[in-house]
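Participant: First the structure, which I've put down as structure tokens, then a few questions once you've had a look.
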Amino acid sequence: MFQSEYGEHFTITTSSQWVQEAEWTEWFDRDDERGSGDWEKLSDLHKAYPDRLCSTPMDIQAESHDGVPSNETGDVIYKSDRDYGFVCLNKDQSHGLCHNYRVRFLCGKLVRPQASISIERLSNSTVLELAEPAEGWGPGDRLVLASTDYSMHQAEEFTLLPCPACGPTQVKVQGKPVFLHMGEEVDGVDMRAEVGLLSRNILVRGEMEPGCYGNEACNFFAFDTFGGHMKVI
């Protein structure tokens, strides 16, 4: 088990295997249907094309010159074997003549190792990147992460965790967000979610006069009717 700079624990799993890659050769046509038939023997092809064919093919394919697979031409195939090659005999055909065939072989490349690595995070926490330093915030404080969707119900609350490795504009919270919260500008519009501190609320109290004063409303009310607005920056 490993630990990141943010204090999160994670595991690393590795696996490896030997991989055999393969590819098909070009099409070969050493013989044709004249004579006793079409003989595309592997030994003869090795002699004719020594540098273009592997010694031990993994598979073989045969087709007529117009691209029809050998098993769909209607011919009786005498042999189609990766170790021997391909043979079609005229004497086996009801019409007395094989099609003209070509063959290709599947050859293996060099065996190479293949490795994979997977990382699994085990801690249930999230690091938030803020636009400005979070001064006065501490472990145990409650935060609200505003919704960046049309639904106000996607606002989420989190508890601050200790994070010695966090920078001035980073905070670590317990848990993972359930909803997607934007963290960037989109097409010139600032879509970043607001992050607010809930643990330190401010209570604003007003004071009322003991009785009504100063206007015609006193003809109807015996208490202070003065109203006002408050702006907090």
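By order in the structure tokens, chains are A, B, ...; within a chain, residues start at 1; ligands start at 1, following the order shown.
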Need to verify the contact set: Asp141 of chain A, 6 Å, only C-alpha atoms, exclusion of same-chain residues closer than 3 positions in sequence. Can you return it as a list in words?

Facilitator: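 Counting only C-alpha atoms, the residues come to Gly138, Thr159, Leu160 and Ser199 of chain A.
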
Participant: Would you return as a list in words the members of segment 9-178 of chain A that DSSP assigns to alpha helix (DSSP H) on this structure's backbone?

Facilitator: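 Residues of segment 9-178 of chain A classed as alpha helix (DSSP H): Leu42, Ser43, Asp44, Leu45, His46, Lys47 and Ala48 of chain A.
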
Participant: Dump N, CA and C atoms for the selected residues as a CSV table (one decimal), in the first residue's frame?

Facilitator:
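What follows is the written file result-v9.csv:
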```csv
chain,number,residue,atom,x,y,z
A,42,LEU,N,3.9,-25.9,-49.5
A,42,LEU,CA,4.7,-25.0,-48.7
A,42,LEU,C,6.2,-25.2,-49.0
A,43,SER,N,6.6,-26.4,-49.2
A,43,SER,CA,8.1,-26.6,-49.5
A,43,SER,C,8.5,-26.0,-50.8
A,44,ASP,N,7.6,-26.0,-51.8
A,44,ASP,CA,7.9,-25.4,-53.1
A,44,ASP,C,7.8,-23.9,-53.0
A,45,LEU,N,6.9,-23.3,-52.1
A,45,LEU,CA,6.8,-21.9,-52.0
A,45,LEU,C,8.1,-21.4,-51.2
A,46,HIS,N,8.6,-22.2,-50.3
A,46,HIS,CA,9.8,-21.8,-49.6
A,46,HIS,C,11.0,-21.6,-50.5
A,47,LYS,N,11.0,-22.5,-51.5
A,47,LYS,CA,12.1,-22.5,-52.5
A,47,LYS,C,11.9,-21.3,-53.4
A,48,ALA,N,10.7,-21.0,-53.8
A,48,ALA,CA,10.4,-19.9,-54.7
A,48,ALA,C,10.5,-18.5,-54.1
```

Participant: Would you pick out the contacts of Gly196 of chain A at 7 Å or less, using only C-alpha atoms, so that residues sharing its chain but fewer than 2 positions from it are not included, and give the list as a VMD selection string?

Facilitator: chain A and resid 143 to 145 194 198

Participant: What does the file look like for those residues with N, CA and C atoms, as a PDB file, in the first residue's frame?

Facilitator:
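Generated output (selection_34.pdb):
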```
ATOM      1  N   LEU A 143     -18.110  22.595   4.742  1.00  0.00           N
ATOM      2  CA  LEU A 143     -18.125  23.387   3.518  1.00  0.00           C
ATOM      3  C   LEU A 143     -19.351  23.043   2.694  1.00  0.00           C
ATOM      4  N   VAL A 144     -19.762  23.981   1.865  1.00  0.00           N
ATOM      5  CA  VAL A 144     -20.801  23.713   0.883  1.00  0.00           C
ATOM      6  C   VAL A 144     -20.207  23.957  -0.498  1.00  0.00           C
ATOM      7  N   LEU A 145     -20.440  23.025  -1.399  1.00  0.00           N
ATOM      8  CA  LEU A 145     -20.003  23.137  -2.788  1.00  0.00           C
ATOM      9  C   LEU A 145     -21.248  23.379  -3.626  1.00  0.00           C
ATOM     10  N   GLU A 194     -19.092  27.781  -6.533  1.00  0.00           N
ATOM     11  CA  GLU A 194     -18.720  28.503  -5.323  1.00  0.00           C
ATOM     12  C   GLU A 194     -18.521  27.509  -4.179  1.00  0.00           C
ATOM     13  N   LEU A 198     -19.493  26.820   6.111  1.00  0.00           N
ATOM     14  CA  LEU A 198     -20.745  26.770   6.867  1.00  0.00           C
ATOM     15  C   LEU A 198     -20.528  26.792   8.374  1.00  0.00           C
TER      16      LEU A 198
END
```

Participant: Would you mind listing what lies within 9 Å of segment 102-119 of chain A as a ChimeraX atom specification, with only C-alpha atoms counted and same-chain residues fewer than 5 positions away left out?

Facilitator: /A:10-32,40,53-65,82,85-86

Participant: Run DSSP on the backbone and give me the residues of segment 38-111 of chain A it puts in strand (DSSP E or B), as a VMD selection string.

Facilitator: chain A and resid 38 to 41 59 to 64 69 79 to 81 85 to 89 101 to 108

Participant: Okay, now the selection with C-alpha atoms, as an mmCIF file, in the first residue's frame?

Facilitator:
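Result went into out-v5.cif, see below:
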```cif
data_model
loop_
_atom_site.group_PDB
_atom_site.id
_atom_site.type_symbol
_atom_site.label_atom_id
_atom_site.label_comp_id
_atom_site.auth_asym_id
_atom_site.auth_seq_id
_atom_site.Cartn_x
_atom_site.Cartn_y
_atom_site.Cartn_z
ATOM 1 C CA ASP A 38 -3.088 -26.580 -58.643
ATOM 2 C CA TRP A 39 -0.185 -27.388 -56.306
ATOM 3 C CA GLU A 40 0.737 -24.670 -53.791
ATOM 4 C CA LYS A 41 2.946 -26.769 -51.519
ATOM 5 C CA ASP A 59 -2.556 -20.793 -40.448
ATOM 6 C CA ILE A 60 -3.302 -20.920 -44.174
ATOM 7 C CA GLN A 61 -5.907 -19.311 -46.434
ATOM 8 C CA ALA A 62 -6.666 -20.154 -50.057
ATOM 9 C CA GLU A 63 -8.907 -18.428 -52.566
ATOM 10 C CA SER A 64 -9.488 -18.334 -56.300
ATOM 11 C CA PRO A 69 -12.604 -18.639 -50.657
ATOM 12 C CA LYS A 79 -5.395 -30.745 -49.002
ATOM 13 C CA SER A 80 -5.311 -27.393 -47.248
ATOM 14 C CA ASP A 81 -2.858 -27.572 -44.393
ATOM 15 C CA GLY A 85 0.211 -26.211 -48.193
ATOM 16 C CA PHE A 86 -2.711 -26.340 -50.618
ATOM 17 C CA VAL A 87 -3.551 -28.872 -53.359
ATOM 18 C CA CYS A 88 -6.541 -29.143 -55.694
ATOM 19 C CA LEU A 89 -6.569 -32.156 -58.081
ATOM 20 C CA TYR A 101 -5.854 -20.682 -56.562
ATOM 21 C CA ARG A 102 -3.554 -18.470 -54.561
ATOM 22 C CA VAL A 103 -2.553 -18.926 -50.922
ATOM 23 C CA ARG A 104 -1.247 -16.924 -48.009
ATOM 24 C CA PHE A 105 0.029 -17.878 -44.561
ATOM 25 C CA LEU A 106 -0.254 -16.441 -41.070
ATOM 26 C CA CYS A 107 3.247 -15.901 -39.701
ATOM 27 C CA GLY A 108 4.141 -15.107 -36.112
#
```

Participant: Of the residues A:Phe220, A:Met182, A:Met208, A:Val127, which is the one nearest to Gln154 of chain A, using only C-alpha atoms?

Facilitator: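 Comparing A:Phe220, A:Met182, A:Met208, A:Val127 against Gln154 of chain A, the winner is A:Met182.
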
Participant: My list of candidates is A:Cys212, A:Cys98, A:Cys218, A:Val204. Which is closest to Ser70 of chain A when distances are computed with only C-alpha atoms?

Facilitator: A:Cys98

Participant: From the list A:Thr73, A:Ser94, A:Asn100, A:Thr126, which residue is nearest Lys172 of chain A when using only C-alpha atoms?

Facilitator: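 Checking each candidate against Lys172 of chain A, we get A:Thr126 as the closest.
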
Participant: Write out as JSON, numbers by chain each polymer residue whose atoms come within 12 Å of Glu135 of chain A, counting only C-alpha atoms; drop sequence neighbours fewer than 2 positions from it.

Facilitator: {"A": [130, 132, 133, 137, 138, 167, 168, 169, 170, 171, 197]}

Participant: Pull C-alpha atoms from the residues just selected and write them as a short mmCIF file (atom, residue, chain, number, x, y, z; two decimals), in the first residue's frame.

Facilitator:
```
data_model
loop_
_atom_site.label_atom_id
_atom_site.label_comp_id
_atom_site.auth_asym_id
_atom_site.auth_seq_id
_atom_site.Cartn_x
_atom_site.Cartn_y
_atom_site.Cartn_z
CA LEU A 130 -9.84 26.97 -4.98
CA GLU A 132 -8.13 32.01 -3.68
CA PRO A 133 -6.42 30.89 -0.46
CA TRP A 137 -10.43 27.22 7.46
CA GLY A 138 -9.47 24.18 9.50
CA GLY A 167 -1.14 24.19 -1.17
CA PRO A 168 -2.64 27.56 -0.13
CA THR A 169 -5.50 27.18 -2.61
CA GLN A 170 -6.20 23.50 -1.91
CA VAL A 171 -8.47 21.90 0.68
CA LEU A 197 -17.74 27.87 4.80
#
```

Participant: For the atom pair atom CA of Asp149 of chain A and atom CA of Val178 of chain A, what is the interatomic distance in Å to one decimal place?

Facilitator: 12.7 Å
